[in-house]
Amino acid sequence: MIQRKRTIFNDAFDTKEDLVLLDGVEKLIKDLHSNGMQLIVASSASKVTIDRVFRRFNLHQYFTHIVSGEDFPNSKPHPAIFEYAANLSVAAKENCIVIEDSTNGIMAAKAAGIFVLVIIVKIQKGKTYQRQTS
């Protein structure tokens with residue numbers, strides 16, 4: 001049952017013509033890249049999922065590194081994934097920025113000592129974001 005659900009989802013994800021990135025995300029990626037910013041993705045998602053998204057939206061060309069949470073024993077809010085990504089960057093950690101949309105990601109970025117820019121996406125009914133400012 002779970003495998004069938006996953007197959008249906010993957011097929012729809014790969015073929016649905018009106019599937020797009022969140023509003024403004026593609027423009028932001030292209031603008032940052034064209035202005036010489038190094039982009040590294042550090043996602044809790046599996047490598048397979050990240051690759052599927054990157055192939056679907058032709059994103060590989062914009063990112064120098066892809067870091068998956070599956071390579072770390074602790075997931076966000078543990079800071080390891082962001083610490084690792086910052087070490088891959090040509091910039092010093094204090095010059096890095098994390099763009100995050102989840103409470104655990106915000107906590108992980110803060111714990112890593114990296115400035116975090118929070119994007120708020122549609123909040124589902126009954127779901128709230130904990131305030132993560134200090």
# chains A, B, ... in the order shown; residues from 1 in each chain; ligands from 1
$ select_by_dssp --residues "region 12-122 of chain A" --states "strand (DSSP E)" --output "PyMOL selection string"
chain A and resi 40-43+65-68+97-100+115-118
$ residues_around --residues "region 7-14 of chain A" --least-positions-apart "2" --cutoff "10 Å" --atoms "only C-alpha atoms" --output "NGL selection string"
:A and (1-5 or 16-19 or 49 or 52-53 or 55-57)
$ write_last_selection --atoms "N, CA, C and O atoms" --output "mmCIF file, in the first residue's frame"
data_model
loop_
_atom_site.group_PDB
_atom_site.id
_atom_site.type_symbol
_atom_site.label_atom_id
_atom_site.label_comp_id
_atom_site.auth_asym_id
_atom_site.auth_seq_id
_atom_site.Cartn_x
_atom_site.Cartn_y
_atom_site.Cartn_z
ATOM 1 N N MET A 1 0.822 -1.190 0.000
ATOM 2 C CA MET A 1 0.000 0.000 0.000
ATOM 3 C C MET A 1 0.872 1.262 0.000
ATOM 4 O O MET A 1 0.616 2.176 -0.774
ATOM 5 N N ILE A 2 1.871 1.306 0.881
ATOM 6 C CA ILE A 2 2.741 2.479 0.949
ATOM 7 C C ILE A 2 3.522 2.632 -0.350
ATOM 8 O O ILE A 2 3.653 3.733 -0.879
ATOM 9 N N GLN A 3 4.032 1.506 -0.877
ATOM 10 C CA GLN A 3 4.784 1.561 -2.134
ATOM 11 C C GLN A 3 3.892 2.046 -3.271
ATOM 12 O O GLN A 3 4.323 2.840 -4.104
ATOM 13 N N ARG A 4 2.657 1.594 -3.307
ATOM 14 C CA ARG A 4 1.724 2.038 -4.354
ATOM 15 C C ARG A 4 1.472 3.541 -4.249
ATOM 16 O O ARG A 4 1.484 4.249 -5.249
ATOM 17 N N LYS A 5 1.276 4.036 -3.039
ATOM 18 C CA LYS A 5 1.073 5.467 -2.824
ATOM 19 C C LYS A 5 2.294 6.252 -3.302
ATOM 20 O O LYS A 5 2.168 7.275 -3.970
ATOM 21 N N LYS A 16 3.076 15.802 -14.002
ATOM 22 C CA LYS A 16 2.044 16.840 -13.889
ATOM 23 C C LYS A 16 2.559 18.157 -14.471
ATOM 24 O O LYS A 16 3.541 18.711 -13.991
ATOM 25 N N GLU A 17 1.911 18.647 -15.507
ATOM 26 C CA GLU A 17 2.395 19.814 -16.233
ATOM 27 C C GLU A 17 2.269 21.122 -15.468
ATOM 28 O O GLU A 17 3.053 22.044 -15.683
ATOM 29 N N ASP A 18 1.304 21.236 -14.578
ATOM 30 C CA ASP A 18 1.103 22.503 -13.878
ATOM 31 C C ASP A 18 1.811 22.552 -12.516
ATOM 32 O O ASP A 18 1.590 23.468 -11.735
ATOM 33 N N LEU A 19 2.699 21.606 -12.264
ATOM 34 C CA LEU A 19 3.467 21.605 -11.025
ATOM 35 C C LEU A 19 4.605 22.620 -11.137
ATOM 36 O O LEU A 19 5.403 22.576 -12.064
ATOM 37 N N THR A 49 14.839 12.003 -3.348
ATOM 38 C CA THR A 49 13.817 13.051 -3.422
ATOM 39 C C THR A 49 14.410 14.367 -3.909
ATOM 40 O O THR A 49 13.840 15.035 -4.772
ATOM 41 N N ARG A 52 15.099 14.143 -7.553
ATOM 42 C CA ARG A 52 13.850 14.175 -8.337
ATOM 43 C C ARG A 52 13.376 15.622 -8.513
ATOM 44 O O ARG A 52 13.008 16.044 -9.603
ATOM 45 N N VAL A 53 13.420 16.406 -7.441
ATOM 46 C CA VAL A 53 13.011 17.807 -7.512
ATOM 47 C C VAL A 53 13.964 18.584 -8.415
ATOM 48 O O VAL A 53 13.540 19.365 -9.273
ATOM 49 N N ARG A 55 15.891 17.493 -10.849
ATOM 50 C CA ARG A 55 15.716 17.120 -12.265
ATOM 51 C C ARG A 55 14.433 17.725 -12.817
ATOM 52 O O ARG A 55 14.419 18.259 -13.927
ATOM 53 N N ARG A 56 13.379 17.649 -12.043
ATOM 54 C CA ARG A 56 12.075 18.155 -12.512
ATOM 55 C C ARG A 56 12.135 19.646 -12.848
ATOM 56 O O ARG A 56 11.578 20.108 -13.836
ATOM 57 N N PHE A 57 12.848 20.414 -12.028
ATOM 58 C CA PHE A 57 12.889 21.863 -12.200
ATOM 59 C C PHE A 57 14.227 22.373 -12.745
ATOM 60 O O PHE A 57 14.483 23.577 -12.727
#
$ residues_around --residues "Ile99 (chain A)" --least-positions-apart "5" --cutoff "7 Å" --atoms "only C-alpha atoms" --output "MDAnalysis selection string"
chainID A and resid 116:119
$ select_by_dssp --residues "chain A" --states "helix (DSSP H, G or I)" --output "NGL selection string"
:A and (2-15 or 25-34 or 47-56 or 60-62 or 69-71 or 80-88 or 93-95 or 103-112)
$ residues_around --residues "region 75-92 of chain A" --least-positions-apart "6" --cutoff "10 Å" --atoms "only C-alpha atoms" --output "ChimeraX atom specification"
/A:37-45,64-69,98,102-114
$ residues_around --residues "Ile29 (chain A)" --least-positions-apart "5" --cutoff "10 Å" --atoms "only C-alpha atoms" --output "list in words"
Gly24, Ser34, Met37, Leu39, Leu59, Tyr62 and Phe63 of chain A
$ closest_residue --among "A:Leu21, A:Val121, A:Phe115, A:Thr15" --to "Phe54 (chain A)" --atoms "only C-alpha atoms"
A:Leu21
$ atom_distance --atom1 "CA of Leu32 (chain A)" --atom2 "CA of Asp51 (chain A)"
20.5 Å
$ atom_distance --atom1 "CA of Ile50 (chain A)" --atom2 "CA of Asp71 (chain A)"
12.9 Å
$ atom_distance --atom1 "CA of Asn35 (chain A)" --atom2 "CA of Leu22 (chain A)"
21.0 Å
$ decode --residues "region 66-99 of chain A" --atoms "N, CA, C and O atoms" --output "compact mmCIF listing (two decimals), in the first residue's frame"
# COMPACT_ATOMS: atom_id res chain seq x y z
N ILE A 66 24.95 19.55 -3.01
CA ILE A 66 23.66 19.09 -2.51
C ILE A 66 23.95 18.22 -1.28
O ILE A 66 24.68 17.24 -1.38
N VAL A 67 23.39 18.63 -0.15
CA VAL A 67 23.61 17.91 1.10
C VAL A 67 22.26 17.36 1.57
O VAL A 67 21.29 18.10 1.69
N SER A 68 22.23 16.05 1.81
CA SER A 68 21.00 15.39 2.23
C SER A 68 21.07 15.01 3.70
O SER A 68 22.10 14.54 4.18
N GLY A 69 19.95 15.16 4.36
CA GLY A 69 19.85 14.77 5.76
C GLY A 69 20.08 13.29 5.99
O GLY A 69 20.40 12.88 7.11
N GLU A 70 19.93 12.47 4.95
CA GLU A 70 20.13 11.03 5.14
C GLU A 70 21.58 10.69 5.47
O GLU A 70 21.87 9.58 5.90
N ASP A 71 22.49 11.65 5.27
CA ASP A 71 23.90 11.42 5.57
C ASP A 71 24.29 11.77 7.00
O ASP A 71 25.46 11.72 7.36
N PHE A 72 23.30 12.15 7.81
CA PHE A 72 23.58 12.58 9.17
C PHE A 72 22.76 11.76 10.16
O PHE A 72 21.59 11.49 9.90
N PRO A 73 23.37 11.38 11.27
CA PRO A 73 22.63 10.56 12.24
C PRO A 73 21.49 11.32 12.93
O PRO A 73 20.51 10.71 13.35
N ASN A 74 21.61 12.65 13.00
CA ASN A 74 20.57 13.46 13.64
C ASN A 74 20.00 14.44 12.62
O ASN A 74 20.75 15.11 11.92
N SER A 75 18.70 14.52 12.57
CA SER A 75 18.03 15.42 11.65
C SER A 75 17.86 16.80 12.29
O SER A 75 18.12 16.99 13.47
N LYS A 76 17.44 17.75 11.48
CA LYS A 76 17.11 19.06 12.02
C LYS A 76 16.09 18.86 13.13
O LYS A 76 15.23 18.00 12.99
N PRO A 77 16.21 19.49 14.25
CA PRO A 77 16.89 20.75 14.52
C PRO A 77 18.38 20.63 14.88
O PRO A 77 18.99 21.63 15.25
N HIS A 78 18.95 19.44 14.78
CA HIS A 78 20.39 19.33 15.01
C HIS A 78 21.10 20.14 13.92
O HIS A 78 20.72 20.09 12.75
N PRO A 79 22.14 20.90 14.27
CA PRO A 79 22.78 21.81 13.31
C PRO A 79 23.78 21.17 12.34
O PRO A 79 24.29 21.85 11.46
N ALA A 80 24.05 19.88 12.46
CA ALA A 80 25.13 19.26 11.68
C ALA A 80 25.02 19.49 10.18
O ALA A 80 26.02 19.76 9.52
N ILE A 81 23.82 19.39 9.62
CA ILE A 81 23.67 19.54 8.17
C ILE A 81 24.08 20.94 7.71
O ILE A 81 24.74 21.10 6.68
N PHE A 82 23.73 21.96 8.48
CA PHE A 82 24.09 23.33 8.11
C PHE A 82 25.56 23.62 8.38
O PHE A 82 26.19 24.36 7.63
N GLU A 83 26.10 23.04 9.44
CA GLU A 83 27.54 23.19 9.70
C GLU A 83 28.35 22.59 8.56
O GLU A 83 29.32 23.18 8.08
N TYR A 84 27.93 21.43 8.09
CA TYR A 84 28.61 20.76 6.98
C TYR A 84 28.49 21.60 5.70
O TYR A 84 29.48 21.80 4.99
N ALA A 85 27.30 22.07 5.41
CA ALA A 85 27.09 22.88 4.20
C ALA A 85 27.94 24.15 4.25
O ALA A 85 28.53 24.55 3.24
N ALA A 86 28.01 24.77 5.41
CA ALA A 86 28.83 25.99 5.55
C ALA A 86 30.30 25.68 5.30
O ALA A 86 31.02 26.50 4.71
N ASN A 87 30.76 24.51 5.73
CA ASN A 87 32.15 24.12 5.48
C ASN A 87 32.43 23.90 3.99
O ASN A 87 33.56 24.05 3.54
N LEU A 88 31.41 23.56 3.23
CA LEU A 88 31.56 23.38 1.78
C LEU A 88 31.61 24.72 1.04
O LEU A 88 32.09 24.79 -0.09
N SER A 89 31.11 25.74 1.68
CA SER A 89 31.00 27.06 1.04
C SER A 89 32.36 27.72 0.88
O SER A 89 33.26 27.54 1.69
N VAL A 90 32.48 28.53 -0.18
CA VAL A 90 33.68 29.33 -0.36
C VAL A 90 33.67 30.52 0.60
O VAL A 90 34.70 31.12 0.86
N ALA A 91 32.51 30.84 1.13
CA ALA A 91 32.36 31.95 2.08
C ALA A 91 32.56 31.45 3.51
O ALA A 91 32.31 30.29 3.82
N ALA A 92 32.99 32.34 4.36
CA ALA A 92 33.08 32.03 5.78
C ALA A 92 31.67 31.84 6.33
O ALA A 92 30.70 32.42 5.83
N LYS A 93 31.55 31.03 7.37
CA LYS A 93 30.23 30.72 7.92
C LYS A 93 29.46 31.99 8.30
O LYS A 93 28.24 32.06 8.09
N GLU A 94 30.17 33.00 8.80
CA GLU A 94 29.48 34.23 9.19
C GLU A 94 28.93 35.00 8.00
O GLU A 94 28.14 35.93 8.16
N ASN A 95 29.30 34.61 6.79
CA ASN A 95 28.78 35.24 5.58
C ASN A 95 27.76 34.37 4.86
O ASN A 95 27.33 34.69 3.75
N CYS A 96 27.40 33.26 5.47
CA CYS A 96 26.40 32.36 4.88
C CYS A 96 25.00 32.75 5.36
O CYS A 96 24.85 33.37 6.41
N ILE A 97 24.02 32.37 4.58
CA ILE A 97 22.62 32.59 4.92
C ILE A 97 21.86 31.29 4.67
O ILE A 97 22.04 30.66 3.63
N VAL A 98 21.04 30.91 5.60
CA VAL A 98 20.14 29.78 5.43
C VAL A 98 18.76 30.35 5.12
O VAL A 98 18.30 31.27 5.80
N ILE A 99 18.13 29.82 4.09
CA ILE A 99 16.75 30.18 3.79
C ILE A 99 15.92 28.97 4.19
O ILE A 99 16.12 27.88 3.67
